[in-house]
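J.: Provided herewith: input.tsv, TSV, C-alpha atoms and all ligand atoms.
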```
chain	number	residue	atom	x	y	z
A	1	MET	CA	20.10	-3.61	104.10
A	2	LEU	CA	21.38	-3.80	100.52
A	3	GLU	CA	18.31	-1.91	99.38
A	4	ILE	CA	18.96	0.91	101.90
A	5	ALA	CA	22.63	1.12	100.82
A	6	GLY	CA	21.46	1.33	97.20
A	7	MET	CA	19.03	4.12	98.07
A	8	CYS	CA	21.76	6.07	99.89
A	9	TYR	CA	24.03	5.68	96.87
A	10	LEU	CA	21.33	6.97	94.53
A	11	LEU	CA	20.58	9.97	96.74
A	12	ALA	CA	24.28	10.78	97.12
A	13	THR	CA	24.79	10.54	93.34
A	14	ALA	CA	21.83	12.85	92.74
A	15	ALA	CA	23.22	15.37	95.22
A	16	ILE	CA	26.66	15.28	93.54
A	17	MET	CA	25.09	15.62	90.09
A	18	ASN	CA	23.20	18.74	91.06
A	19	ASN	CA	24.09	20.60	94.21
A	20	ARG	CA	23.57	24.12	92.95
A	21	LYS	CA	21.37	26.46	94.92
A	22	PRO	CA	17.86	27.07	93.55
A	23	VAL	CA	17.86	29.82	90.95
A	24	THR	CA	15.61	32.66	92.13
A	25	LEU	CA	14.43	35.87	90.49
A	26	HIS	CA	16.84	37.67	92.79
A	27	ARG	CA	19.69	35.49	91.46
A	28	LEU	CA	18.67	36.17	87.84
A	29	ARG	CA	18.74	39.91	88.57
A	30	GLU	CA	22.21	39.54	90.14
A	31	MET	CA	23.40	37.67	87.04
A	32	HIS	CA	22.05	40.46	84.86
A	33	ALA	CA	23.70	43.12	87.02
A	34	SER	CA	27.07	41.36	87.00
A	35	GLY	CA	26.95	40.64	83.25
A	36	GLU	CA	26.64	36.85	83.64
A	37	LYS	CA	24.54	35.57	80.74
A	38	ILE	CA	21.35	33.66	81.58
A	39	ALA	CA	20.85	30.30	79.84
A	40	MET	CA	17.21	29.31	79.32
A	41	LEU	CA	15.67	26.44	77.33
A	42	THR	CA	12.13	25.32	76.76
A	43	CYS	CA	11.14	22.12	78.55
A	44	TYR	CA	7.90	20.16	78.57
A	45	ASP	CA	8.40	17.06	80.73
A	46	ALA	CA	10.08	15.66	83.85
A	47	ALA	CA	12.75	13.59	82.08
A	48	PHE	CA	14.16	16.55	80.16
A	49	ALA	CA	13.72	18.85	83.17
A	50	ARG	CA	16.11	16.64	85.16
A	51	ILE	CA	18.70	16.58	82.34
A	52	LEU	CA	18.52	20.34	81.73
A	53	ASP	CA	18.67	21.15	85.42
A	54	ASP	CA	21.67	18.84	85.96
A	55	ALA	CA	23.38	20.43	82.94
A	56	GLY	CA	23.17	23.87	84.57
A	57	VAL	CA	20.36	25.54	82.62
A	58	ASP	CA	19.32	28.57	84.69
A	59	SER	CA	15.67	28.66	83.66
A	60	LEU	CA	13.22	26.20	82.11
A	61	LEU	CA	10.43	27.68	80.01
A	62	VAL	CA	7.33	25.53	79.72
A	63	GLY	CA	6.54	27.18	76.41
A	64	ASP	CA	3.26	26.98	74.57
A	65	SER	CA	5.57	26.03	71.69
A	66	LEU	CA	4.61	22.56	72.93
A	67	GLY	CA	1.63	23.01	70.61
A	68	SER	CA	4.02	22.75	67.65
A	69	VAL	CA	6.82	20.70	69.17
A	70	LEU	CA	4.80	17.99	70.95
A	71	GLN	CA	1.39	18.21	69.32
A	72	GLY	CA	2.45	18.82	65.71
A	73	ARG	CA	0.28	21.91	65.27
A	74	GLN	CA	1.09	24.77	62.87
A	75	THR	CA	0.72	27.43	65.60
A	76	THR	CA	0.49	27.72	69.38
A	77	LEU	CA	-3.08	29.03	69.30
A	78	ALA	CA	-4.91	25.83	70.25
A	79	VAL	CA	-2.91	25.09	73.40
A	80	SER	CA	-5.17	25.12	76.47
A	81	ILE	CA	-4.55	26.19	80.06
A	82	GLY	CA	-5.19	22.58	81.13
A	83	GLU	CA	-2.41	21.37	78.83
A	84	MET	CA	-0.05	24.07	80.11
A	85	ALA	CA	-0.85	23.10	83.71
A	86	TYR	CA	-0.20	19.42	82.96
A	87	HIS	CA	3.22	20.08	81.37
A	88	THR	CA	4.16	22.63	84.04
A	89	GLY	CA	3.54	20.06	86.79
A	90	SER	CA	5.62	17.48	84.88
A	91	VAL	CA	8.57	19.87	84.49
A	92	VAL	CA	8.40	20.98	88.11
A	93	ARG	CA	8.53	17.36	89.33
A	94	GLY	CA	11.71	16.67	87.29
A	95	ASN	CA	13.42	19.93	88.24
A	96	ARG	CA	15.44	20.66	91.35
A	97	SER	CA	16.97	24.10	91.04
A	98	ALA	CA	16.18	25.88	87.77
A	99	TRP	CA	13.75	28.82	87.64
A	100	VAL	CA	10.53	27.54	86.01
A	101	ILE	CA	8.45	29.83	83.81
A	102	ALA	CA	5.09	28.70	82.41
A	103	ASP	CA	3.48	30.26	79.35
A	104	MET	CA	-0.03	31.66	79.63
A	105	PRO	CA	-1.67	30.22	76.48
A	106	PHE	CA	-3.77	32.17	73.97
A	107	GLY	CA	-7.13	33.16	75.45
A	108	SER	CA	-6.06	32.77	79.07
A	109	TYR	CA	-5.19	36.44	79.79
A	110	GLN	CA	-6.56	38.60	76.96
A	111	GLU	CA	-10.11	38.96	78.33
A	112	SER	CA	-9.46	40.57	81.72
A	113	ALA	CA	-6.96	40.87	84.54
A	114	GLU	CA	-9.25	38.69	86.68
A	115	ALA	CA	-9.24	35.89	84.09
A	116	ALA	CA	-5.45	36.23	83.82
A	117	MET	CA	-5.14	35.88	87.61
A	118	ARG	CA	-7.41	32.83	87.67
A	119	ASN	CA	-5.39	31.10	84.95
A	120	ALA	CA	-1.99	32.17	86.32
A	121	ALA	CA	-3.04	30.58	89.63
A	122	LEU	CA	-3.54	27.22	87.85
A	123	LEU	CA	0.08	27.35	86.64
A	124	MET	CA	1.48	28.56	89.97
A	125	GLN	CA	-0.43	25.78	91.77
A	126	GLN	CA	1.50	23.31	89.58
A	127	GLY	CA	4.75	24.80	90.88
A	128	ALA	CA	5.62	27.43	88.25
A	129	HIS	CA	7.78	30.23	89.66
A	130	MET	CA	6.69	32.77	87.05
A	131	VAL	CA	4.21	33.06	84.19
A	132	LYS	CA	4.88	34.52	80.75
A	133	LEU	CA	2.47	36.44	78.56
A	134	GLU	CA	2.85	37.94	75.11
A	135	GLY	CA	2.35	41.48	73.84
A	136	GLY	CA	2.86	45.10	74.79
A	137	GLY	CA	0.67	48.13	75.52
A	138	TRP	CA	-2.58	46.54	76.63
A	139	THR	CA	-0.72	43.90	78.67
A	140	ALA	CA	0.93	46.36	81.11
A	141	PRO	CA	-2.13	46.69	83.43
A	142	ILE	CA	-2.52	42.89	83.41
A	143	VAL	CA	1.13	42.46	84.36
A	144	ARG	CA	0.67	45.01	87.18
A	145	PHE	CA	-2.46	43.18	88.40
A	146	LEU	CA	-0.64	39.83	88.58
A	147	VAL	CA	2.58	41.21	90.10
A	148	ASP	CA	0.60	43.05	92.80
A	149	ARG	CA	-0.98	39.70	93.71
A	150	GLY	CA	2.33	37.89	94.08
A	151	VAL	CA	2.69	36.36	90.62
A	152	PRO	CA	6.08	37.04	89.00
A	153	VAL	CA	5.63	37.81	85.29
A	154	CYS	CA	7.89	37.46	82.28
A	155	ALA	CA	6.84	39.65	79.34
A	156	HIS	CA	7.35	38.66	75.69
A	157	LEU	CA	7.81	41.21	72.88
A	158	GLY	CA	9.06	41.27	69.30
A	159	PHE	CA	7.64	38.37	67.32
A	160	THR	CA	4.84	37.03	69.52
A	161	PRO	CA	3.73	33.63	68.18
A	162	GLN	CA	0.15	33.91	69.50
A	163	SER	CA	-0.28	36.91	67.14
A	164	VAL	CA	1.22	35.13	64.13
A	165	HIS	CA	-1.82	35.81	61.92
A	166	ALA	CA	-2.05	39.48	62.91
A	167	LEU	CA	1.68	39.90	62.28
A	168	GLY	CA	1.45	38.34	58.81
A	169	GLY	CA	3.59	35.28	59.54
A	170	TYR	CA	6.99	34.59	61.12
A	171	ARG	CA	8.64	37.97	60.56
A	172	VAL	CA	11.38	39.95	62.24
A	173	GLN	CA	9.89	42.78	64.35
A	174	GLY	CA	11.21	46.27	65.14
A	175	ARG	CA	13.13	46.66	61.88
A	176	ASP	CA	12.25	50.29	61.15
A	177	GLU	CA	12.76	53.19	63.49
A	178	SER	CA	9.14	53.73	64.47
A	179	ALA	CA	8.60	50.01	65.16
A	180	ALA	CA	11.79	49.97	67.27
A	181	ARG	CA	10.54	53.02	69.20
A	182	ILE	CA	7.19	51.31	69.97
A	183	LEU	CA	9.03	48.15	71.04
A	184	ARG	CA	11.18	50.17	73.43
A	185	ARG	CA	8.12	52.00	74.84
A	186	HIS	CA	6.28	48.72	75.42
A	187	ALA	CA	9.35	47.20	77.11
A	188	GLU	CA	9.70	50.17	79.44
A	189	GLU	CA	5.97	50.09	80.32
A	190	LEU	CA	6.17	46.38	81.10
A	191	ALA	CA	9.25	46.83	83.28
A	192	SER	CA	7.49	49.69	85.12
A	193	ALA	CA	4.44	47.46	85.57
A	194	GLY	CA	6.65	45.00	87.44
A	195	ALA	CA	7.63	42.42	84.81
A	196	GLY	CA	10.68	40.59	86.15
A	197	LEU	CA	12.02	39.36	82.81
A	198	LEU	CA	11.46	40.09	79.15
A	199	VAL	CA	11.72	37.58	76.31
A	200	LEU	CA	12.54	39.31	73.03
A	201	GLU	CA	11.95	37.27	69.89
A	202	MET	CA	13.17	37.88	66.32
A	203	VAL	CA	14.36	41.47	66.65
A	204	PRO	CA	17.42	43.01	64.93
A	205	ALA	CA	20.50	42.48	67.09
A	206	ALA	CA	21.29	46.22	67.27
A	207	VAL	CA	17.75	47.07	68.44
A	208	ALA	CA	17.82	44.29	71.05
A	209	ARG	CA	21.22	45.36	72.36
A	210	GLU	CA	20.09	48.97	72.77
A	211	LEU	CA	16.86	47.91	74.46
A	212	THR	CA	18.72	45.56	76.83
A	213	ASN	CA	21.11	48.34	77.83
A	214	ALA	CA	18.20	50.71	78.46
A	215	LEU	CA	16.15	48.31	80.63
A	216	SER	CA	16.73	47.45	84.28
A	217	ILE	CA	15.33	43.91	83.94
A	218	PRO	CA	17.04	40.95	82.22
A	219	VAL	CA	16.19	40.52	78.53
A	220	ILE	CA	16.29	36.96	77.20
A	221	GLY	CA	16.71	36.84	73.44
A	222	ILE	CA	15.66	34.31	70.83
A	223	GLY	CA	16.75	35.49	67.41
A	224	ALA	CA	17.60	38.83	69.03
A	225	GLY	CA	21.39	38.69	69.00
A	226	GLN	CA	24.22	38.44	71.44
A	227	GLY	CA	23.62	41.74	73.25
A	228	CYS	CA	20.74	40.39	75.37
A	229	SER	CA	21.15	39.43	79.04
A	230	GLY	CA	20.57	35.78	78.18
A	231	GLN	CA	19.29	33.39	75.54
A	232	VAL	CA	16.47	30.92	75.09
A	233	LEU	CA	15.96	28.28	72.41
A	234	VAL	CA	13.28	25.69	71.84
A	235	LEU	CA	14.82	22.48	73.22
A	236	HIS	CA	13.92	20.30	70.23
A	237	ASP	CA	15.41	22.91	67.84
A	238	MET	CA	18.78	22.97	69.60
A	239	LEU	CA	18.79	19.15	69.74
A	240	GLY	CA	18.18	19.08	65.98
A	241	ILE	CA	15.03	16.94	66.23
A	242	THR	CA	12.52	19.47	64.90
A	243	GLY	CA	11.61	18.59	61.34
A	244	GLY	CA	12.08	21.00	58.44
A	245	GLU	CA	14.47	23.87	57.86
A	246	PRO	CA	15.66	25.35	61.19
A	247	PHE	CA	15.25	29.06	61.89
A	248	LYS	CA	18.35	31.16	61.16
A	249	PHE	CA	18.84	31.81	64.90
A	250	VAL	CA	19.05	28.11	65.87
A	251	ARG	CA	22.25	26.11	66.35
A	252	ASN	CA	22.12	22.32	66.54
A	253	PHE	CA	24.13	21.53	69.68
A	254	MET	CA	23.87	17.76	69.11
A	255	ASP	CA	26.33	18.23	66.23
A	256	GLY	CA	29.60	17.02	67.77
A	257	SER	CA	28.01	16.05	71.12
A	258	THR	CA	27.85	12.46	72.37
A	259	SER	CA	24.74	12.84	74.54
A	260	ILE	CA	21.80	15.15	75.14
A	261	GLU	CA	23.29	16.27	78.44
A	262	ALA	CA	26.62	17.10	76.73
A	263	ALA	CA	24.77	19.12	74.08
A	264	VAL	CA	22.89	21.06	76.75
A	265	ARG	CA	26.11	21.66	78.72
A	266	ARG	CA	27.68	23.08	75.54
A	267	TYR	CA	24.67	25.34	75.04
A	268	VAL	CA	25.00	26.66	78.61
A	269	ALA	CA	28.77	27.15	78.23
A	270	ASP	CA	28.43	28.88	74.85
A	271	VAL	CA	25.69	31.23	76.07
A	272	LYS	CA	27.67	32.12	79.21
A	273	ALA	CA	30.86	32.72	77.20
A	274	GLY	CA	29.06	34.81	74.57
A	275	ARG	CA	29.87	32.23	71.85
A	276	PHE	CA	26.18	31.69	71.12
A	277	PRO	CA	24.53	33.35	69.34
A	278	ASP	CA	26.98	34.68	66.78
A	279	ASP	CA	25.34	37.78	65.34
A	280	ALA	CA	27.06	37.28	61.99
A	281	VAL	CA	25.41	33.83	61.66
A	282	HIS	CA	22.28	33.90	63.83
A	283	GLY	CA	21.42	37.60	63.95
A	284	PHE	CA	19.02	39.80	61.98
B	301	LIG	O1	6.67	29.05	73.70
B	301	LIG	C1	7.89	29.20	73.60
B	301	LIG	O2	8.66	28.27	73.45
B	301	LIG	C2	8.40	30.55	73.66
B	301	LIG	C3	9.82	30.74	73.24
B	301	LIG	C4	9.89	30.73	71.77
B	301	LIG	C5	10.42	31.96	73.82
B	301	LIG	O3	7.71	31.46	74.00
```
Represent the structure from my file as structure tokens, please.
T.:
Amino acid sequence: MLEIAGMCYLLATAAIMNNRKPVTLHRLREMHASGEKIAMLTCYDAAFARILDDAGVDSLLVGDSLGSVLQGRQTTLAVSIGEMAYHTGSVVRGNRSAWVIADMPFGSYQESAEAAMRNAALLMQQGAHMVKLEGGGWTAPIVRFLVDRGVPVCAHLGFTPQSVHALGGYRVQGRDESAARILRRHAEELASAGAGLLVLEMVPAAVARELTNALSIPVIGIGAGQGCSGQVLVLHDMLGITGGEPFKFVRNFMDGSTSIEAAVRRYVADVKAGRFPDDAVHGF
């Protein structure tokens, strides 16, 4: 009897803690259309997924940044589809209502649309709502192929970590006019191919703002300024537990917070209110 009462209490507490409706792609589009900023964070396991979801994060990105953050690697290049599937399943089991995006790792979509579909299926079977892949131009037909087969896709332009060696290191992209024009063309092609979201990384704030205003789909910035439709940060960066010098576009939300959940709630509130990022501090 006592045990049943305890169970009921736990279930009721969980419902009170998080009774928001599941975030869907439709809802993200509505937020974009109404000007409500989208708050996204990376997430790699069930424990953090529960905290982030309860704190009101709209979307959890199971990023291949786990190669650096969890595995201590220099780049994301060695992360496998099996590892991404494992972490995606973990996040999905801890999450109740946030929109879950899983990264397609290096080598899982470059070869052919068929290979991309096969690997995207492994992530969707773990409960991902959407997959993300990096690059523009050559990726548009792959995005179209996946979208036509019922797989929502998030594109990723600007600095694309899987191309770190080709790009000559961690550098801001789209700085000059011709690079900004190519970025804009790639973004438009990806949106036309059916991409539902675009992550834009390390791009001058003015370029990102213009691109966001020109596109019909939500643009989620990381180091791309305040003018984007939403923001994403690597969870461990915004909690201040990544070693070394933080990137210019990161704010440590644990500074002045008494718990992880409080820090994440502040992140969500600051993104929604347009207080983070501050282009003068975090922008390029
Ligand atoms: O893998 C990742 O965490 C990402 C973000 C940096 C956007 O792609």
J.: Please give me, as an MDAnalysis selection string, the residues lying within 9 Å of ligand LIG 301 (chain B) when counting all atoms listed in the file.
T.: chainID A and resid 41:43 61:67 69 76 102:103 105 132:134 156 160:161 199:201 220:222 232:235
J.: Could you list as a PDB file with C-alpha atoms, keeping the file's coordinate frame every residue that has an atom within 12 Å of (20.4, 24.8, 87.5), using the file's coordinates and counting only C-alpha atoms?
T.:
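Once written, result22.pdb looks like this:
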```pdb
ATOM      1  CA  MET A  17      25.090  15.620  90.090  1.00  0.00           C
ATOM      2  CA  ASN A  18      23.200  18.740  91.060  1.00  0.00           C
ATOM      3  CA  ASN A  19      24.090  20.600  94.210  1.00  0.00           C
ATOM      4  CA  ARG A  20      23.570  24.120  92.950  1.00  0.00           C
ATOM      5  CA  LYS A  21      21.370  26.460  94.920  1.00  0.00           C
ATOM      6  CA  PRO A  22      17.860  27.070  93.550  1.00  0.00           C
ATOM      7  CA  VAL A  23      17.860  29.820  90.950  1.00  0.00           C
ATOM      8  CA  THR A  24      15.610  32.660  92.130  1.00  0.00           C
ATOM      9  CA  ARG A  27      19.690  35.490  91.460  1.00  0.00           C
ATOM     10  CA  LEU A  28      18.670  36.170  87.840  1.00  0.00           C
ATOM     11  CA  ILE A  38      21.350  33.660  81.580  1.00  0.00           C
ATOM     12  CA  ALA A  39      20.850  30.300  79.840  1.00  0.00           C
ATOM     13  CA  MET A  40      17.210  29.310  79.320  1.00  0.00           C
ATOM     14  CA  LEU A  41      15.670  26.440  77.330  1.00  0.00           C
ATOM     15  CA  ALA A  49      13.720  18.850  83.170  1.00  0.00           C
ATOM     16  CA  ARG A  50      16.110  16.640  85.160  1.00  0.00           C
ATOM     17  CA  ILE A  51      18.700  16.580  82.340  1.00  0.00           C
ATOM     18  CA  LEU A  52      18.520  20.340  81.730  1.00  0.00           C
ATOM     19  CA  ASP A  53      18.670  21.150  85.420  1.00  0.00           C
ATOM     20  CA  ASP A  54      21.670  18.840  85.960  1.00  0.00           C
ATOM     21  CA  ALA A  55      23.380  20.430  82.940  1.00  0.00           C
ATOM     22  CA  GLY A  56      23.170  23.870  84.570  1.00  0.00           C
ATOM     23  CA  VAL A  57      20.360  25.540  82.620  1.00  0.00           C
ATOM     24  CA  ASP A  58      19.320  28.570  84.690  1.00  0.00           C
ATOM     25  CA  SER A  59      15.670  28.660  83.660  1.00  0.00           C
ATOM     26  CA  LEU A  60      13.220  26.200  82.110  1.00  0.00           C
ATOM     27  CA  GLY A  94      11.710  16.670  87.290  1.00  0.00           C
ATOM     28  CA  ASN A  95      13.420  19.930  88.240  1.00  0.00           C
ATOM     29  CA  ARG A  96      15.440  20.660  91.350  1.00  0.00           C
ATOM     30  CA  SER A  97      16.970  24.100  91.040  1.00  0.00           C
ATOM     31  CA  ALA A  98      16.180  25.880  87.770  1.00  0.00           C
ATOM     32  CA  TRP A  99      13.750  28.820  87.640  1.00  0.00           C
ATOM     33  CA  VAL A 100      10.530  27.540  86.010  1.00  0.00           C
ATOM     34  CA  VAL A 264      22.890  21.060  76.750  1.00  0.00           C
ATOM     35  CA  ARG A 265      26.110  21.660  78.720  1.00  0.00           C
ATOM     36  CA  VAL A 268      25.000  26.660  78.610  1.00  0.00           C
TER      37      VAL A 268
END
```
J.: Report, in Å with one decimal, the straight-line distance from atom CA of A:Ala193 to atom CA of A:Val219.
T.: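 Going from atom CA of A:Ala193 over to atom CA of A:Val219 covers 15.4 Å.
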J.: Using only C-alpha atoms, pick whichever of A:Gly196, A:Gly35, A:Pro204, A:Gly244 has the shortest atom-to-atom distance to A:Ala179.
T.: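 The answer is A:Pro204, which sits nearest to A:Ala179.
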J.: Rounded to one decimal in Å, what is the spacing between atom CA of A:Ser216 and atom CA of A:Ala128?
T.: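 Computing the Euclidean distance for atom CA of A:Ser216 and atom CA of A:Ala128 yields 23.2 Å.
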J.: For A:Ile217, which residue among A:Arg171, A:Lys248, A:Arg93, A:Arg29 is the nearest when counting all atoms listed in the file?
T.: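 Of the candidates, the smallest distance to A:Ile217 is held by A:Arg29.
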J.: For A:Ala205, which of A:Ala166, A:Val281, A:Ile182, A:Met254 is the closest residue, counting all atoms listed in the file?
T.: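 Closest to A:Ala205, using all atoms listed in the file: A:Val281.
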J.: Please export stretch 197-223 of chain A as a PDB file, in the first residue's frame, restricted to N, CA and C atoms.
T.:
```
ATOM      1  N   LEU A 197      15.261  22.530 -40.328  1.00  0.00           N
ATOM      2  CA  LEU A 197      16.005  23.460 -39.478  1.00  0.00           C
ATOM      3  C   LEU A 197      17.385  23.633 -40.075  1.00  0.00           C
ATOM      4  N   LEU A 198      18.031  24.716 -39.694  1.00  0.00           N
ATOM      5  CA  LEU A 198      19.426  24.926 -40.104  1.00  0.00           C
ATOM      6  C   LEU A 198      20.232  25.358 -38.886  1.00  0.00           C
ATOM      7  N   VAL A 199      21.308  24.650 -38.602  1.00  0.00           N
ATOM      8  CA  VAL A 199      22.269  25.108 -37.591  1.00  0.00           C
ATOM      9  C   VAL A 199      23.348  25.895 -38.321  1.00  0.00           C
ATOM     10  N   LEU A 200      23.656  27.068 -37.794  1.00  0.00           N
ATOM     11  CA  LEU A 200      24.639  27.951 -38.418  1.00  0.00           C
ATOM     12  C   LEU A 200      25.736  28.222 -37.391  1.00  0.00           C
ATOM     13  N   GLU A 201      26.961  27.788 -37.710  1.00  0.00           N
ATOM     14  CA  GLU A 201      28.025  27.841 -36.702  1.00  0.00           C
ATOM     15  C   GLU A 201      29.140  28.800 -37.107  1.00  0.00           C
ATOM     16  N   MET A 202      29.530  29.641 -36.193  1.00  0.00           N
ATOM     17  CA  MET A 202      30.666  30.575 -36.353  1.00  0.00           C
ATOM     18  C   MET A 202      30.607  31.362 -37.664  1.00  0.00           C
ATOM     19  N   VAL A 203      29.610  32.223 -37.713  1.00  0.00           N
ATOM     20  CA  VAL A 203      29.357  33.076 -38.880  1.00  0.00           C
ATOM     21  C   VAL A 203      29.173  34.498 -38.339  1.00  0.00           C
ATOM     22  N   PRO A 204      29.657  35.537 -39.048  1.00  0.00           N
ATOM     23  CA  PRO A 204      29.452  36.897 -38.546  1.00  0.00           C
ATOM     24  C   PRO A 204      27.972  37.168 -38.258  1.00  0.00           C
ATOM     25  N   ALA A 205      27.719  37.870 -37.167  1.00  0.00           N
ATOM     26  CA  ALA A 205      26.338  38.100 -36.722  1.00  0.00           C
ATOM     27  C   ALA A 205      25.490  38.771 -37.807  1.00  0.00           C
ATOM     28  N   ALA A 206      26.081  39.707 -38.549  1.00  0.00           N
ATOM     29  CA  ALA A 206      25.303  40.434 -39.569  1.00  0.00           C
ATOM     30  C   ALA A 206      24.897  39.494 -40.699  1.00  0.00           C
ATOM     31  N   VAL A 207      25.816  38.594 -41.088  1.00  0.00           N
ATOM     32  CA  VAL A 207      25.533  37.630 -42.162  1.00  0.00           C
ATOM     33  C   VAL A 207      24.438  36.659 -41.697  1.00  0.00           C
ATOM     34  N   ALA A 208      24.546  36.201 -40.460  1.00  0.00           N
ATOM     35  CA  ALA A 208      23.567  35.240 -39.928  1.00  0.00           C
ATOM     36  C   ALA A 208      22.187  35.873 -39.813  1.00  0.00           C
ATOM     37  N   ARG A 209      22.151  37.136 -39.401  1.00  0.00           N
ATOM     38  CA  ARG A 209      20.860  37.824 -39.260  1.00  0.00           C
ATOM     39  C   ARG A 209      20.171  37.950 -40.619  1.00  0.00           C
ATOM     40  N   GLU A 210      20.961  38.343 -41.622  1.00  0.00           N
ATOM     41  CA  GLU A 210      20.399  38.521 -42.964  1.00  0.00           C
ATOM     42  C   GLU A 210      19.888  37.173 -43.506  1.00  0.00           C
ATOM     43  N   LEU A 211      20.710  36.151 -43.309  1.00  0.00           N
ATOM     44  CA  LEU A 211      20.326  34.817 -43.793  1.00  0.00           C
ATOM     45  C   LEU A 211      19.051  34.315 -43.090  1.00  0.00           C
ATOM     46  N   THR A 212      18.974  34.537 -41.794  1.00  0.00           N
ATOM     47  CA  THR A 212      17.788  34.114 -41.024  1.00  0.00           C
ATOM     48  C   THR A 212      16.538  34.817 -41.552  1.00  0.00           C
ATOM     49  N   ASN A 213      16.675  36.114 -41.820  1.00  0.00           N
ATOM     50  CA  ASN A 213      15.514  36.869 -42.305  1.00  0.00           C
ATOM     51  C   ASN A 213      15.093  36.419 -43.697  1.00  0.00           C
ATOM     52  N   ALA A 214      16.062  35.913 -44.476  1.00  0.00           N
ATOM     53  CA  ALA A 214      15.752  35.514 -45.854  1.00  0.00           C
ATOM     54  C   ALA A 214      15.156  34.106 -45.934  1.00  0.00           C
ATOM     55  N   LEU A 215      15.398  33.287 -44.909  1.00  0.00           N
ATOM     56  CA  LEU A 215      14.974  31.866 -44.970  1.00  0.00           C
ATOM     57  C   LEU A 215      13.602  31.665 -44.328  1.00  0.00           C
ATOM     58  N   SER A 216      12.878  30.646 -44.819  1.00  0.00           N
ATOM     59  CA  SER A 216      11.572  30.354 -44.225  1.00  0.00           C
ATOM     60  C   SER A 216      11.699  29.388 -43.045  1.00  0.00           C
ATOM     61  N   ILE A 217      12.835  28.708 -42.927  1.00  0.00           N
ATOM     62  CA  ILE A 217      12.971  27.716 -41.842  1.00  0.00           C
ATOM     63  C   ILE A 217      13.758  28.325 -40.669  1.00  0.00           C
ATOM     64  N   PRO A 218      13.546  27.797 -39.446  1.00  0.00           N
ATOM     65  CA  PRO A 218      14.284  28.334 -38.300  1.00  0.00           C
ATOM     66  C   PRO A 218      15.789  28.097 -38.425  1.00  0.00           C
ATOM     67  N   VAL A 219      16.558  29.116 -38.051  1.00  0.00           N
ATOM     68  CA  VAL A 219      18.024  29.028 -38.065  1.00  0.00           C
ATOM     69  C   VAL A 219      18.503  29.068 -36.616  1.00  0.00           C
ATOM     70  N   ILE A 220      19.235  28.045 -36.221  1.00  0.00           N
ATOM     71  CA  ILE A 220      19.724  27.947 -34.842  1.00  0.00           C
ATOM     72  C   ILE A 220      21.218  28.272 -34.858  1.00  0.00           C
ATOM     73  N   GLY A 221      21.583  29.329 -34.175  1.00  0.00           N
ATOM     74  CA  GLY A 221      22.972  29.794 -34.237  1.00  0.00           C
ATOM     75  C   GLY A 221      23.829  29.271 -33.105  1.00  0.00           C
ATOM     76  N   ILE A 222      25.114  29.115 -33.410  1.00  0.00           N
ATOM     77  CA  ILE A 222      26.133  28.874 -32.376  1.00  0.00           C
ATOM     78  C   ILE A 222      27.333  29.705 -32.828  1.00  0.00           C
ATOM     79  N   GLY A 223      27.592  30.780 -32.116  1.00  0.00           N
ATOM     80  CA  GLY A 223      28.608  31.718 -32.588  1.00  0.00           C
ATOM     81  C   GLY A 223      28.142  32.435 -33.840  1.00  0.00           C
TER      82      GLY A 223
END
```
